[in-house]
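Enquirer: Sharing upload-v4.txt below, compact mmCIF, N, CA, C and O atoms:
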```
# COMPACT_ATOMS: atom_id res chain seq x y z
N LEU A 220 96.42 103.97 80.90
CA LEU A 220 95.51 105.04 80.52
C LEU A 220 96.31 106.02 79.67
O LEU A 220 97.42 106.41 80.02
N GLY A 221 95.77 106.38 78.55
CA GLY A 221 96.41 107.36 77.70
C GLY A 221 95.47 108.51 77.40
O GLY A 221 94.27 108.31 77.25
N TYR A 222 96.02 109.69 77.34
CA TYR A 222 95.21 110.84 76.98
C TYR A 222 96.11 111.87 76.31
O TYR A 222 97.32 111.90 76.51
N TRP A 223 95.51 112.69 75.49
CA TRP A 223 96.23 113.76 74.80
C TRP A 223 95.24 114.90 74.63
O TRP A 223 94.10 114.69 74.25
N VAL A 224 95.69 116.09 74.93
CA VAL A 224 94.85 117.28 74.77
C VAL A 224 95.57 118.21 73.79
O VAL A 224 96.74 118.54 73.99
N ARG A 225 94.84 118.63 72.75
CA ARG A 225 95.49 119.49 71.76
C ARG A 225 95.90 120.82 72.40
O ARG A 225 95.30 121.28 73.37
N LYS A 226 96.90 121.41 71.82
CA LYS A 226 97.54 122.59 72.39
C LYS A 226 96.56 123.72 72.70
O LYS A 226 96.63 124.35 73.75
N ALA A 227 95.62 123.97 71.82
CA ALA A 227 94.67 125.08 72.00
C ALA A 227 93.75 124.87 73.21
O ALA A 227 93.17 125.83 73.71
N ASP A 228 93.62 123.63 73.66
CA ASP A 228 92.69 123.33 74.76
C ASP A 228 93.39 122.95 76.07
O ASP A 228 92.73 122.51 77.01
N ARG A 229 94.68 123.11 76.13
CA ARG A 229 95.42 122.75 77.36
C ARG A 229 95.19 123.78 78.46
O ARG A 229 94.68 124.86 78.23
N ARG A 230 95.53 123.38 79.67
CA ARG A 230 95.42 124.21 80.88
C ARG A 230 93.97 124.50 81.24
O ARG A 230 93.65 125.52 81.84
N ARG A 231 93.07 123.59 80.85
CA ARG A 231 91.66 123.73 81.18
C ARG A 231 91.15 122.52 81.96
O ARG A 231 89.96 122.32 82.10
N HIS A 232 92.08 121.68 82.42
CA HIS A 232 91.78 120.50 83.25
C HIS A 232 90.92 119.47 82.51
O HIS A 232 90.19 118.69 83.13
N ILE A 233 91.02 119.44 81.19
CA ILE A 233 90.22 118.51 80.40
C ILE A 233 90.63 117.07 80.69
O ILE A 233 89.77 116.21 80.93
N ALA A 234 91.92 116.79 80.69
CA ALA A 234 92.39 115.42 80.95
C ALA A 234 91.97 114.98 82.35
O ALA A 234 91.48 113.87 82.53
N SER A 235 92.15 115.85 83.33
CA SER A 235 91.79 115.48 84.70
C SER A 235 90.29 115.19 84.84
O SER A 235 89.89 114.23 85.51
N ARG A 236 89.47 116.01 84.22
CA ARG A 236 88.02 115.79 84.31
C ARG A 236 87.62 114.48 83.62
O ARG A 236 86.75 113.76 84.11
N CYS A 237 88.24 114.19 82.49
CA CYS A 237 87.95 112.94 81.79
C CYS A 237 88.38 111.73 82.62
O CYS A 237 87.65 110.75 82.74
N VAL A 238 89.57 111.82 83.19
CA VAL A 238 90.06 110.73 84.03
C VAL A 238 89.14 110.54 85.24
O VAL A 238 88.79 109.41 85.60
N ASP A 239 88.71 111.62 85.87
CA ASP A 239 87.81 111.51 87.01
C ASP A 239 86.50 110.81 86.62
O ASP A 239 85.98 109.98 87.37
N ALA A 240 85.98 111.11 85.44
CA ALA A 240 84.75 110.46 84.97
C ALA A 240 84.97 108.97 84.74
O ALA A 240 84.14 108.14 85.13
N ILE A 241 86.09 108.63 84.13
CA ILE A 241 86.40 107.21 83.89
C ILE A 241 86.60 106.47 85.21
O ILE A 241 86.07 105.37 85.41
N PHE A 242 87.35 107.08 86.13
CA PHE A 242 87.60 106.42 87.41
C PHE A 242 86.32 106.28 88.22
O PHE A 242 86.12 105.28 88.91
N ALA A 243 85.44 107.26 88.17
CA ALA A 243 84.15 107.16 88.87
C ALA A 243 83.34 106.00 88.30
O ALA A 243 82.72 105.23 89.05
N TRP A 244 83.35 105.86 86.97
CA TRP A 244 82.66 104.74 86.34
C TRP A 244 83.29 103.42 86.77
O TRP A 244 82.57 102.46 87.11
N LEU A 245 84.61 103.33 86.76
CA LEU A 245 85.28 102.10 87.18
C LEU A 245 84.95 101.76 88.63
O LEU A 245 84.83 100.60 88.99
N GLY A 246 84.82 102.79 89.48
CA GLY A 246 84.52 102.57 90.88
C GLY A 246 83.15 101.96 91.12
O GLY A 246 82.91 101.37 92.18
N LYS A 247 82.26 102.07 90.17
CA LYS A 247 80.92 101.50 90.30
C LYS A 247 80.87 100.03 89.88
O LYS A 247 79.87 99.37 90.10
N ARG A 248 81.91 99.55 89.27
CA ARG A 248 81.96 98.15 88.84
C ARG A 248 82.24 97.25 90.03
O ARG A 248 82.74 97.69 91.05
N THR A 249 81.95 95.98 89.88
CA THR A 249 82.17 95.03 90.98
C THR A 249 83.60 94.52 91.03
O THR A 249 84.02 93.98 92.05
N ASP A 250 84.35 94.70 89.95
CA ASP A 250 85.75 94.24 89.91
C ASP A 250 86.69 95.37 90.29
O ASP A 250 86.48 96.52 89.90
N ALA A 251 87.74 95.02 91.04
CA ALA A 251 88.80 95.99 91.31
C ALA A 251 89.66 96.12 90.06
O ALA A 251 89.84 95.17 89.30
N THR A 252 90.17 97.31 89.82
CA THR A 252 90.97 97.59 88.64
C THR A 252 92.19 98.40 89.04
O THR A 252 92.09 99.29 89.87
N THR A 253 93.33 98.09 88.44
CA THR A 253 94.51 98.91 88.60
C THR A 253 94.75 99.62 87.28
O THR A 253 94.87 98.99 86.22
N VAL A 254 94.79 100.95 87.33
CA VAL A 254 95.01 101.76 86.13
C VAL A 254 96.47 102.21 86.13
O VAL A 254 96.98 102.69 87.14
N GLU A 255 97.12 102.05 84.99
CA GLU A 255 98.50 102.49 84.82
C GLU A 255 98.50 103.78 83.99
O GLU A 255 97.86 103.84 82.94
N ILE A 256 99.23 104.76 84.46
CA ILE A 256 99.42 106.01 83.70
C ILE A 256 100.92 106.13 83.47
O ILE A 256 101.69 106.29 84.42
N ALA A 257 101.34 106.05 82.22
CA ALA A 257 102.75 106.15 81.87
C ALA A 257 103.01 107.52 81.27
O ALA A 257 102.28 107.96 80.39
N VAL A 258 104.06 108.20 81.77
CA VAL A 258 104.35 109.56 81.33
C VAL A 258 105.84 109.68 81.02
O VAL A 258 106.69 109.30 81.83
N HIS A 259 106.14 110.25 79.87
CA HIS A 259 107.54 110.50 79.51
C HIS A 259 108.13 111.49 80.50
O HIS A 259 107.47 112.47 80.88
N PRO A 260 109.37 111.29 80.95
CA PRO A 260 109.95 112.17 81.97
C PRO A 260 110.12 113.62 81.56
O PRO A 260 110.23 114.49 82.42
N HIS A 261 110.09 113.93 80.27
CA HIS A 261 110.20 115.33 79.83
C HIS A 261 108.84 116.01 79.66
O HIS A 261 108.78 117.19 79.33
N ASN A 262 107.77 115.26 79.87
CA ASN A 262 106.42 115.80 79.72
C ASN A 262 105.98 116.41 81.06
O ASN A 262 105.30 115.77 81.86
N VAL A 263 106.38 117.63 81.28
CA VAL A 263 106.14 118.30 82.56
C VAL A 263 104.65 118.40 82.86
O VAL A 263 104.20 118.11 83.98
N ALA A 264 103.85 118.79 81.88
CA ALA A 264 102.41 118.90 82.10
C ALA A 264 101.80 117.54 82.38
O ALA A 264 100.93 117.40 83.26
N GLY A 265 102.24 116.52 81.67
CA GLY A 265 101.74 115.16 81.89
C GLY A 265 102.08 114.64 83.28
O GLY A 265 101.27 113.98 83.93
N LEU A 266 103.30 114.94 83.74
CA LEU A 266 103.70 114.52 85.08
C LEU A 266 102.86 115.21 86.14
O LEU A 266 102.45 114.60 87.13
N ALA A 267 102.59 116.51 85.92
CA ALA A 267 101.75 117.25 86.88
C ALA A 267 100.34 116.70 86.90
O ALA A 267 99.73 116.54 87.98
N THR A 268 99.81 116.37 85.74
CA THR A 268 98.46 115.81 85.67
C THR A 268 98.41 114.45 86.36
O THR A 268 97.50 114.16 87.15
N ALA A 269 99.39 113.60 86.09
CA ALA A 269 99.43 112.28 86.72
C ALA A 269 99.57 112.40 88.24
O ALA A 269 98.92 111.65 88.98
N ALA A 270 100.39 113.33 88.70
CA ALA A 270 100.55 113.54 90.15
C ALA A 270 99.23 114.00 90.77
O ALA A 270 98.84 113.54 91.86
N ALA A 271 98.52 114.90 90.09
CA ALA A 271 97.23 115.37 90.60
C ALA A 271 96.21 114.24 90.64
O ALA A 271 95.44 114.11 91.60
N ILE A 272 96.21 113.40 89.61
CA ILE A 272 95.30 112.25 89.58
C ILE A 272 95.61 111.30 90.74
O ILE A 272 94.71 110.85 91.45
N CYS A 273 96.89 111.03 90.94
CA CYS A 273 97.28 110.14 92.05
C CYS A 273 96.89 110.74 93.40
O CYS A 273 96.46 110.02 94.30
N SER A 274 97.02 112.03 93.54
CA SER A 274 96.64 112.69 94.79
C SER A 274 95.14 112.55 95.04
O SER A 274 94.72 112.23 96.16
N ARG A 275 94.34 112.77 94.02
CA ARG A 275 92.88 112.68 94.17
C ARG A 275 92.39 111.25 94.35
O ARG A 275 91.42 111.00 95.04
N TRP A 276 93.06 110.30 93.72
CA TRP A 276 92.58 108.92 93.69
C TRP A 276 93.46 107.96 94.48
O TRP A 276 93.37 106.75 94.32
N ASN A 277 94.29 108.49 95.35
CA ASN A 277 95.13 107.68 96.24
C ASN A 277 96.04 106.73 95.46
O ASN A 277 96.20 105.56 95.82
N GLY A 278 96.64 107.24 94.40
CA GLY A 278 97.55 106.44 93.59
C GLY A 278 98.99 106.66 94.01
O GLY A 278 99.27 107.37 94.98
N GLU A 279 99.90 106.07 93.27
CA GLU A 279 101.32 106.21 93.57
C GLU A 279 102.14 106.23 92.30
O GLU A 279 101.76 105.65 91.28
N GLN A 280 103.28 106.91 92.36
CA GLN A 280 104.25 106.87 91.27
C GLN A 280 105.35 105.91 91.68
O GLN A 280 105.88 106.00 92.79
N LEU A 281 105.69 104.99 90.80
CA LEU A 281 106.78 104.06 91.08
C LEU A 281 108.11 104.79 90.94
O LEU A 281 108.25 105.71 90.13
N ASP A 282 109.07 104.39 91.72
CA ASP A 282 110.38 105.04 91.70
C ASP A 282 111.18 104.75 90.43
O ASP A 282 111.88 105.61 89.92
N ASP A 283 111.07 103.54 89.92
CA ASP A 283 111.84 103.14 88.75
C ASP A 283 111.13 103.52 87.46
O ASP A 283 109.91 103.64 87.42
N PHE A 284 111.92 103.71 86.42
CA PHE A 284 111.35 103.93 85.09
C PHE A 284 110.91 102.59 84.51
O PHE A 284 111.45 101.55 84.85
N ILE A 285 109.94 102.65 83.61
CA ILE A 285 109.59 101.47 82.83
C ILE A 285 109.87 101.81 81.37
O ILE A 285 109.83 102.97 80.97
N GLY A 286 110.18 100.81 80.60
CA GLY A 286 110.45 101.02 79.19
C GLY A 286 109.22 100.76 78.35
O GLY A 286 108.53 99.77 78.55
N ILE A 287 108.92 101.66 77.45
CA ILE A 287 107.81 101.50 76.52
C ILE A 287 108.40 101.44 75.12
O ILE A 287 109.20 102.30 74.74
N GLU A 288 108.02 100.39 74.38
CA GLU A 288 108.53 100.22 73.02
C GLU A 288 107.81 101.19 72.08
O GLU A 288 106.58 101.25 72.05
N PHE A 289 108.60 101.96 71.34
CA PHE A 289 108.05 102.93 70.41
C PHE A 289 109.00 103.06 69.23
O PHE A 289 110.18 103.40 69.42
N ASN A 290 108.52 102.77 68.03
CA ASN A 290 109.35 102.84 66.82
C ASN A 290 110.65 102.06 66.97
O ASN A 290 111.73 102.57 66.67
N GLN A 291 110.56 100.85 67.48
CA GLN A 291 111.70 99.95 67.66
C GLN A 291 112.73 100.50 68.63
O GLN A 291 113.91 100.17 68.56
N ARG A 292 112.30 101.38 69.54
CA ARG A 292 113.16 101.90 70.60
C ARG A 292 112.45 101.70 71.93
O ARG A 292 111.23 101.70 72.00
N THR A 293 113.23 101.57 72.98
CA THR A 293 112.66 101.53 74.31
C THR A 293 112.79 102.92 74.91
O THR A 293 113.90 103.45 75.04
N VAL A 294 111.67 103.53 75.25
CA VAL A 294 111.63 104.89 75.77
C VAL A 294 111.24 104.83 77.25
O VAL A 294 110.21 104.26 77.59
N PRO A 295 112.07 105.40 78.15
CA PRO A 295 111.75 105.34 79.58
C PRO A 295 110.55 106.24 79.93
O PRO A 295 110.41 107.33 79.37
N HIS A 296 109.71 105.75 80.81
CA HIS A 296 108.54 106.51 81.28
C HIS A 296 108.39 106.34 82.78
O HIS A 296 108.79 105.32 83.34
N HIS A 297 107.81 107.35 83.41
CA HIS A 297 107.39 107.21 84.81
C HIS A 297 106.06 106.47 84.80
O HIS A 297 105.21 106.73 83.95
N LEU A 298 105.88 105.57 85.76
CA LEU A 298 104.64 104.83 85.85
C LEU A 298 103.91 105.21 87.13
O LEU A 298 104.49 105.22 88.22
N HIS A 299 102.64 105.53 86.98
CA HIS A 299 101.76 105.85 88.10
C HIS A 299 100.69 104.76 88.15
O HIS A 299 100.16 104.37 87.10
N LEU A 300 100.35 104.28 89.34
CA LEU A 300 99.34 103.25 89.50
C LEU A 300 98.22 103.75 90.40
O LEU A 300 98.48 104.36 91.44
N VAL A 301 96.99 103.47 89.99
CA VAL A 301 95.82 103.85 90.78
C VAL A 301 94.91 102.63 90.87
O VAL A 301 94.49 102.09 89.84
N ASP A 302 94.64 102.15 92.09
CA ASP A 302 93.72 101.04 92.31
C ASP A 302 92.32 101.60 92.51
O ASP A 302 92.12 102.51 93.33
N ILE A 303 91.37 101.03 91.78
CA ILE A 303 89.99 101.52 91.84
C ILE A 303 89.05 100.33 91.98
O ILE A 303 89.25 99.31 91.32
N GLY A 304 88.07 100.47 92.79
CA GLY A 304 87.06 99.43 92.92
C GLY A 304 86.83 99.04 94.36
O GLY A 304 87.35 99.68 95.28
N PRO A 305 86.07 97.99 94.57
CA PRO A 305 85.63 97.62 95.91
C PRO A 305 86.76 97.25 96.87
O PRO A 305 86.63 97.41 98.07
N GLU A 306 87.88 96.78 96.35
CA GLU A 306 88.98 96.36 97.23
C GLU A 306 90.15 97.33 97.19
O GLU A 306 91.21 97.05 97.72
N ALA A 307 89.97 98.47 96.57
CA ALA A 307 91.06 99.45 96.43
C ALA A 307 91.33 100.17 97.73
O ALA A 307 90.52 100.32 98.58
```
If you convert what's in this file into structure tokens, what do you get?
Expert:
Amino acid sequence: LGYWVRKADRRRHIASRCVDAIFAWLGKRTDATTVEIAVHPHNVAGLATAAAICSRWNGEQLDDFIGIEFNQRTVPHHLHLVDIGPEA
């Protein structure tokens, strides 16, 4: 799951509300889904948002970093997982 909120609109819970709407929609489907939220370790606001999402949706942050390829570089990110659906 990726999201970005422009600077002028931050601190208004826009990302969280959008994620809640998407997760509610996913929860109505018959298939179980695992959503991955990857956050750069220096993105303090992103980490707080991901932690809040995991708290509300019973998700978890993995202890290890994962590498994401970007401009021919591997950039470490924290990975958060949220299981949604009938078997979650």
Enquirer: Pull the strand (DSSP E or B) assignments for stretch 241-285 of chain A out of DSSP run on the backbone, and list those residues as a list in words.
Expert: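 So, restricting stretch 241-285 of chain A to strand (DSSP E or B), we get Thr252, Thr253, Val254, Glu255, Ile256, Ala257, Val258, Glu279, Gln280, Leu281, Asp282, Asp283, Phe284 and Ile285 of chain A.
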Enquirer: Could you tell me how far atom O of A:Thr252 sits from atom C of A:Ala264, in Å to one decimal place?
Expert: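 So the two atoms, atom C of A:Ala264 and atom O of A:Thr252, lie 22.0 Å apart.
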Enquirer: Identify which of the residues A:Pro305, A:His232, A:Cys273, A:Gly265 lies closest to A:Leu245, counting only N, CA, C and O atoms when measuring atom-to-atom distances.
Expert: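 Checking each of A:Pro305, A:His232, A:Cys273, A:Gly265 against A:Leu245, counting only N, CA, C and O atoms, the winner is A:Pro305.
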Enquirer: For a test of reading the model, state the distance in Å between atom N of A:Arg248 and atom C of A:Ser274, rounded to one decimal.
Expert: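 The value is 19.4 Å.
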Enquirer: Determine, using all atoms listed in the file, which residues of stretch 258-277 of chain A have any atom at most 5 Å from an atom of stretch 282-296 of chain A, and tabulate each with its shortest atom pair and distance in Å to one decimal place, rows ordered by chain and then rising number, as JSON lines.
Expert:
```
{"residue": "A:Val258", "atom": "O", "partner": "A:His296", "partner_atom": "CA", "distance": 3.4}
{"residue": "A:His259", "atom": "CA", "partner": "A:Pro295", "partner_atom": "O", "distance": 4.3}
{"residue": "A:Pro260", "atom": "N", "partner": "A:Pro295", "partner_atom": "O", "distance": 4.4}
```
Enquirer: Could you work out how far atom C of A:Arg225 lies from atom CA of A:Gly278, giving the answer in Å with one decimal?
Expert: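 Value for the atom CA of A:Gly278-atom C of A:Arg225 distance: 25.7 Å.
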Enquirer: For each of A:Ala234, A:Ala240, A:Leu220, A:Val254, take the minimum atom-to-atom distance to A:Val301, counting all atoms listed in the file, then give the residue where this is smallest.
Expert: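 Of all the options, A:Val254 lies closest to A:Val301.
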Enquirer: Identify which of the residues A:Ala257, A:Asp302, A:His297, A:Ala243 lies closest to A:Asn277, counting all atoms listed in the file when measuring atom-to-atom distances.
Expert: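 Going through A:Ala257, A:Asp302, A:His297, A:Ala243 one by one, the smallest distance to A:Asn277 is for A:Asp302.
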Enquirer: Enumerate as JSON, numbers by chain all residues of chain A assigned to helix (DSSP H, G or I) by DSSP on the backbone, naming them with the chain letters and numbers the document uses.
Expert: {"A": [226, 227, 228, 233, 234, 235, 236, 237, 238, 239, 240, 241, 242, 243, 244, 245, 246, 263, 264, 265, 266, 267, 268, 269, 270, 271, 272, 273, 274, 275, 276]}
Enquirer: Which of these, A:Leu281, A:Trp244, A:Ser235, A:Asp250, has the shortest distance to A:Ala267 once you count only C-alpha atoms?
Expert: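 Looking at the shortest contact to A:Ala267, the residue is A:Ser235.
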Enquirer: For a quick check of understanding, using all atoms listed in the file, which of A:Ile303, A:Ala227, A:Val263, A:Leu298 has the smallest distance to A:Gly246?
Expert: A:Ile303
